[in-house]
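Here's the structure, in C-alpha cells; my notes come after.
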2 protein chains.
Amino acid sequence: MEIAPTAAAAPRRPARPRTVIHAQLVERLRDMIVEGDLPVGERVPERVLCERFGVSRTPLREALKALAAEGLIELLPNRGARIAPLTADDIAQTLKVIGALEALAAELACGRITGDELAEIRARHYQMLAHHARRDLLPYFKANQAIHQAIVDASGNPVLVQTYANLSGRIRRARYAANLNPARWDEAVAEHELILKALMARDGAGLARLMRTHLDNKSHSLAKSHPETSVTSA
Amino acid sequence: MEIAPTAAAAPRRPARPRTVIHAQLVERLRDMIVEGDLPVGERVPERVLCERFGVSRTPLREALKALAAEGLIELLPNRGARIAPLTADDIAQTLKVIGALEALAAELACGRITGDELAEIRARHYQMLAHHARRDLLPYFKANQAIHQAIVDASGNPVLVQTYANLSGRIRRARYAANLNPARWDEAVAEHELILKALMARDGAGLARLMRTHLDNKSHSLAKSHPETSVTSA
DNA sequence: GCGAGCAAAATTGCATACACTTTTCTGGGG
DNA sequence: CCCCAGAAAAGTGTATGCAATTTTGCTCGC
C-alpha cells in the first residue's frame with residue numbers, strides 16, 4: 001500500500017518495494033472494477049493503466065491475468081482486456097450459485113457457530129433494522145452484507161469462503177439495485193428475521209431453505225428492476 | 001497446442017505463434033499439476049520450467065499468476081511458487097462445496113435436460129456399469145466423471161459450470177483414491193443407479209438429495225483411505 | 001564439532017526492447 | 001458516395017537485462 005497516489009504517474013521512486021507490485025495491482029484493480037471506476041465492456045489499453053499506476057507493463061499484465069482467472073475481466077487474444085460485462089442473466093445465474101453456497105454455509109454454520117459469532121450477527125441484524133427504519137440504503141446494505149458474510153465465515157469451510165468471496169465480488173457492483181424496490185426491501189428484512197430465528201435455533205435445514213429462497217427472491221427482484229440491461233459503470 | 005513436446009526444451013522454433021504462449025502454459029501446467037507431474041509443496045524455480053517449455057520467463061510468470069488465482073498453486077513473495085498441498089481436510093471441504101454445487105446442478109438439470117442429453121448420460125451410465133463389472137478403475141472413473149460433468153453441464157448455468165470445473169480440478173489428483181475401497185465402489189454404483197432413475201423421472205429435489213449424499217459418502221470414504229496425509233505427487 | 005556471520009550464487013521482481021498483430025488512416029477505384 | 005486495398009500507427013506478446021531479495025556455501029570463532 002506504499003504506492004504512489006492513483007491519479008498521477010509516480011515521478012520516480014525506486015526506493016524500496018516493500019511489497020510486490022503485481023499483488024497490489026490486483027487489489028487496486030479489483031476494487032476499481034467493483035466500484036465501477038472502469039468502463040465496462042470497453043477496451044482499456046495497458047498503457048493508460050500503467051501510467052495511472054506508475055508501473056511498467058510487466059506487473060500490470062500479471063495482475064490482469066490473475067483477474068481474468070477470477071472472472072472479473074476477459075482477455076481477448078492480441079486485443080487486450082476488458083471488464084467482463086454483467087448481463088441480468090449473468091447476475092441471476094450467479095445468484096443461483098451463491099444461493100446454493102449460502103444454503104450450505106447456513107447448514108454448516110448451524111452445527112458449529114459459537115455464541116460470540118452469533119452475538120455478532122444479532123448485533124448486525126439490529127443495526128440493519130435500524131438502517132432500514134431510517135431508509136439508509138448504504139449502511140443497510142453494508143450490514144446486510146456483513147451478516148451474509150458472517151454466516152459464510154461461520155461455516156468454517158475455507159473453500160466455501162473463498163468461492164463465495166469470488167462470486168460475490170463479481171456481482172457486487174450490481175447488488176445495490178436489488179433493494180431499490182421498497183416492497184422488496186421490507187420483504188427482505190422480514191426474511192432476515194426468519195433467518196436470524198433459524199440460526200439461533202440452530203435449525204440447519206430450515207435455515208438453508210430460507211437462505212435459498214432469500215437469494216431467489218433477491219434475484220427475481222433484480223430481474224424486474226434490470227430487465228435485460230447489462231450493468232454499466234459510472 | 002503447437003508447442004514442442006513437454007520433455008525437452010524446444011530447440012528453436014520462432015516460426016509462428018499461432019496462439020498465445022501464456023494461455024498454452026496455463027493449460028499445460030494445470031494438466032501437469034492435476035496429473036501429479038510436479039512435486040507438491042516443493043519450490044519449482046521458474047528457470048527449470050522455462051527450459052522445460054522452451055519459453056522465456058514472462059509468459060511463464062503470467063501463467064503462474066493465473067494458476068495461483070485458481071488456487072492450484074501458491075505464490076510466496078520473493079520466493080517463487082509451489083504446488084498447493086492438498087490435505088485430507090482440504091479435500092473434504094472442497095467435496096462439501098462440490099456436493100452443494102452438484103445438488104444445485106441436479107435440480108436445474110431436471111427442469112431443462114433434453115432427451116439427447118439424457119440419452120448420453122444413460123449411455124455413459126451403462127458404460128460405467130460395464131467398467132465396474134470388469135473392475136477397470138480408470139475407464140470407470142472417466143465415465144463417472146463424464147456423468148457428473150454432464151449433469152452440471154445440463155444445468156445450463158455457465159457460472160455453475162465454471163465454478164464446478166475449478167473446484168473439481170483442484171482435487172482431481174486425489175479423486176482416484178476414493179474408489180479403491182471395493183465395498184464403497186459397489187455402493188457408489190448403486191447410488192448412481194438411483195441418480196439415473198431420479199434424473200429420468202425429472203425429480204429435482206430427490207436428485208439433489210442423492211447427489212449430496214453421494215458426494216458426502218465419497219468424502220467419508222476418502223477420509224478413511226487418506227487419514228490425514230497430504231496428497232503428494234508421484 | 002557446531003553455530004554465527006559474511007560473501008557469492010541463485011532466484012525473483014520489474015523495466016525495457018523488439019516482433020507480431022490488430023486497428024486506424026489514407027488514397028484510389030467503382 | 002461507398003468500399004476496398006495498402007501503409008502507418010497503436011497495441012499486445014515475448015524476450016532479455018538489471019536491481020533487489022533470498023538462499024547457499026564458506027570461514028571464523030567458540
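FYI, nothing fancy with the C-alpha cells labels: chains A, B, ... in order, residues from 1 per chain, ligands from 1 as they appear.
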Item checked: Which of region 15-197 of chain A fall in strand (DSSP E), as a VMD selection string -> chain A and resid 73 to 76 80 to 83 86 to 87
How would the residues just picked look written out with N, CA and C atoms as a compact mmCIF listing (two decimals), in the first residue's frame?
# COMPACT_ATOMS: atom_id res chain seq x y z
N ILE A 73 -12.40 -9.91 -15.43
CA ILE A 73 -12.14 -9.33 -16.74
C ILE A 73 -12.00 -10.45 -17.77
N GLU A 74 -12.12 -10.06 -19.03
CA GLU A 74 -11.96 -11.02 -20.11
C GLU A 74 -10.74 -10.65 -20.92
N LEU A 75 -9.99 -11.68 -21.30
CA LEU A 75 -8.79 -11.46 -22.09
C LEU A 75 -9.06 -11.85 -23.54
N LEU A 76 -8.95 -10.89 -24.43
CA LEU A 76 -9.13 -11.17 -25.84
C LEU A 76 -7.76 -11.28 -26.47
N GLY A 80 -6.11 -7.31 -26.01
CA GLY A 80 -6.17 -6.73 -24.68
C GLY A 80 -7.27 -7.26 -23.80
N ALA A 81 -7.56 -6.53 -22.75
CA ALA A 81 -8.54 -6.97 -21.77
C ALA A 81 -9.69 -5.98 -21.71
N ARG A 82 -10.81 -6.49 -21.18
CA ARG A 82 -11.93 -5.59 -20.94
C ARG A 82 -12.68 -6.09 -19.70
N ILE A 83 -13.33 -5.17 -19.04
CA ILE A 83 -14.13 -5.55 -17.89
C ILE A 83 -15.26 -6.44 -18.37
N LEU A 86 -21.71 -7.51 -17.30
CA LEU A 86 -22.61 -8.28 -16.46
C LEU A 86 -24.02 -8.13 -16.99
N THR A 87 -24.54 -9.14 -17.61
CA THR A 87 -25.93 -9.08 -18.04
C THR A 87 -26.83 -9.48 -16.88
Next item on the list: Give me, as a PyMOL selection string, the contact residues of chain B against chain D at a cut-off of 7 Å, counting only C-alpha atoms (C1' of nucleotides).
Entry: chain B and resi 56+58+78
Residues of the last selection are to be written out with C-alpha atoms, as a PDB file, in the first residue's frame.
ATOM      1  CA  SER B  56      11.054 -17.097 -21.532  1.00  0.00           C
ATOM      2  CA  THR B  58       7.463 -13.523 -18.976  1.00  0.00           C
ATOM      3  CA  ASN B  78      10.134 -13.222  -3.484  1.00  0.00           C
TER       4      ASN B  78
END
Notebook entry, point to check: Mind listing as a PyMOL selection string which residues of chain B are within 9 Å of chain C, counting only C-alpha atoms (C1' of nucleotides)?
Noted result: chain B and resi 45-47+77-80
Using only N, CA and C atoms, please write the residues we just selected to a file, as a PDB file, in the first residue's frame.
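Generated output (result.pdb):
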ATOM      1  N   PRO B  45      11.727 -23.703  -9.395  1.00  0.00           N
ATOM      2  CA  PRO B  45      12.263 -22.459  -9.950  1.00  0.00           C
ATOM      3  C   PRO B  45      11.691 -22.188 -11.341  1.00  0.00           C
ATOM      4  N   GLU B  46      11.452 -20.928 -11.604  1.00  0.00           N
ATOM      5  CA  GLU B  46      10.931 -20.555 -12.915  1.00  0.00           C
ATOM      6  C   GLU B  46      11.862 -21.026 -14.015  1.00  0.00           C
ATOM      7  N   ARG B  47      13.132 -20.958 -13.720  1.00  0.00           N
ATOM      8  CA  ARG B  47      14.122 -21.293 -14.742  1.00  0.00           C
ATOM      9  C   ARG B  47      13.924 -22.697 -15.302  1.00  0.00           C
ATOM     10  N   PRO B  77       5.889 -14.537  -1.804  1.00  0.00           N
ATOM     11  CA  PRO B  77       6.555 -13.318  -2.271  1.00  0.00           C
ATOM     12  C   PRO B  77       8.062 -13.458  -2.250  1.00  0.00           C
ATOM     13  N   ASN B  78       8.675 -13.162  -3.352  1.00  0.00           N
ATOM     14  CA  ASN B  78      10.134 -13.222  -3.484  1.00  0.00           C
ATOM     15  C   ASN B  78      10.684 -14.636  -3.355  1.00  0.00           C
ATOM     16  N   ARG B  79       9.808 -15.589  -3.292  1.00  0.00           N
ATOM     17  CA  ARG B  79      10.305 -16.955  -3.102  1.00  0.00           C
ATOM     18  C   ARG B  79       9.657 -17.936  -4.071  1.00  0.00           C
ATOM     19  N   GLY B  80       9.051 -17.428  -5.089  1.00  0.00           N
ATOM     20  CA  GLY B  80       8.546 -18.307  -6.127  1.00  0.00           C
ATOM     21  C   GLY B  80       7.217 -18.948  -5.817  1.00  0.00           C
TER      22      GLY B  80
END
Margin query: So that I can check the surroundings of Ala92 (chain A), please list as a VMD selection string every protein, DNA and RNA residue that reaches within 10 Å of it, counting only C-alpha atoms (C1' of nucleotides) and ignoring chain neighbours fewer than 5 positions away.
Written below: (chain A and resid 87 97 to 98 171 215 to 216 218 to 220 222 to 223) or (chain B and resid 157 159)
Next item on the list: Would you give me, as number ranges by chain, the residues of chain A that come within 8 Å of chain B, using only C-alpha atoms?
Entry: A: 19-20, 58, 61-63, 65-70, 77, 90, 93-94, 97, 100-101, 104, 157-160, 163
Please write the residues from the selection above to a file, keeping C-alpha atoms, as an mmCIF file, in the first residue's frame.
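Result written to out.cif:
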data_model
loop_
_atom_site.group_PDB
_atom_site.id
_atom_site.type_symbol
_atom_site.label_atom_id
_atom_site.label_comp_id
_atom_site.auth_asym_id
_atom_site.auth_seq_id
_atom_site.Cartn_x
_atom_site.Cartn_y
_atom_site.Cartn_z
ATOM 1 C CA THR A 19 5.614 -5.472 -1.221
ATOM 2 C CA VAL A 20 5.246 -6.881 -4.685
ATOM 3 C CA THR A 58 5.036 -6.493 -16.716
ATOM 4 C CA ARG A 61 -0.121 -7.776 -17.161
ATOM 5 C CA GLU A 62 0.458 -10.286 -14.386
ATOM 6 C CA ALA A 63 -2.322 -8.663 -12.398
ATOM 7 C CA LYS A 65 -4.014 -12.479 -15.852
ATOM 8 C CA ALA A 66 -4.967 -13.092 -12.234
ATOM 9 C CA LEU A 67 -8.145 -11.032 -12.502
ATOM 10 C CA ALA A 68 -9.078 -12.864 -15.675
ATOM 11 C CA ALA A 69 -8.731 -16.161 -13.839
ATOM 12 C CA GLU A 70 -11.092 -14.764 -11.220
ATOM 13 C CA PRO A 77 -6.111 -12.641 -27.616
ATOM 14 C CA ASP A 90 -25.247 -13.440 -15.557
ATOM 15 C CA GLN A 93 -27.181 -17.320 -12.626
ATOM 16 C CA THR A 94 -24.513 -16.154 -10.232
ATOM 17 C CA VAL A 97 -24.924 -20.448 -7.275
ATOM 18 C CA ALA A 100 -26.598 -22.811 -3.029
ATOM 19 C CA LEU A 101 -23.368 -21.780 -1.344
ATOM 20 C CA LEU A 104 -24.575 -24.935 2.525
ATOM 21 C CA ASN A 157 -15.024 -24.083 5.367
ATOM 22 C CA PRO A 158 -12.253 -22.042 3.734
ATOM 23 C CA VAL A 159 -13.030 -23.338 0.261
ATOM 24 C CA LEU A 160 -16.593 -22.193 0.679
ATOM 25 C CA THR A 163 -15.599 -19.402 -3.579
#
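Here CA of Arg43 (chain B) and CA of Gln24 (chain A) stand 23.0 Å from one another.
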Long-range neighbours of Pro182 (chain A) as a PDB file with C-alpha atoms, in the first residue's frame, 12 Å cut-off, only C-alpha atoms (C1' of nucleotides), 6 positions minimum in chain:
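Everything below was put into result19.pdb:
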ATOM      1  CA  HIS A 132     -33.980   0.006   7.341  1.00  0.00           C
ATOM      2  CA  ALA A 133     -36.191   2.063   9.615  1.00  0.00           C
ATOM      3  CA  ARG A 135     -34.195   4.088   4.933  1.00  0.00           C
ATOM      4  CA  LEU A 137     -29.686   2.291   1.929  1.00  0.00           C
ATOM      5  CA  ALA A 188     -36.063  -8.859   2.622  1.00  0.00           C
ATOM      6  CA  VAL A 189     -35.994  -7.547   6.160  1.00  0.00           C
ATOM      7  CA  SER A 221     -36.482  -8.548  -7.691  1.00  0.00           C
ATOM      8  CA  SER A 225     -35.561  -3.712 -11.960  1.00  0.00           C
TER       9      SER A 225
END
Next item on the list: Write out as JSON, numbers by chain all residues of region 88-233 of chain A that DSSP puts in alpha helix (DSSP H) for this structure's backbone.
Entry: {"A": [88, 89, 90, 91, 92, 93, 94, 95, 96, 97, 98, 99, 100, 101, 102, 103, 104, 105, 106, 107, 108, 109, 110, 111, 112, 115, 116, 117, 118, 119, 120, 121, 122, 123, 124, 125, 126, 127, 128, 129, 130, 131, 132, 133, 134, 137, 138, 139, 140, 141, 142, 143, 144, 145, 146, 147, 148, 149, 150, 151, 152, 153, 154, 158, 159, 160, 161, 162, 163, 164, 165, 166, 167, 168, 169, 170, 171, 172, 173, 174, 175, 182, 183, 184, 185, 186, 187, 188, 189, 190, 191, 192, 193, 194, 195, 196, 197, 198, 199, 200, 204, 205, 206, 207, 208, 209, 210, 211, 212, 213, 214, 215, 216, 217, 218, 219, 220, 221, 222, 223, 224, 225]}
Check: Hey, can you check how far CA of Asp31 (chain B) sits from CA of Tyr140 (chain B)?
Finding: 20.0 Å
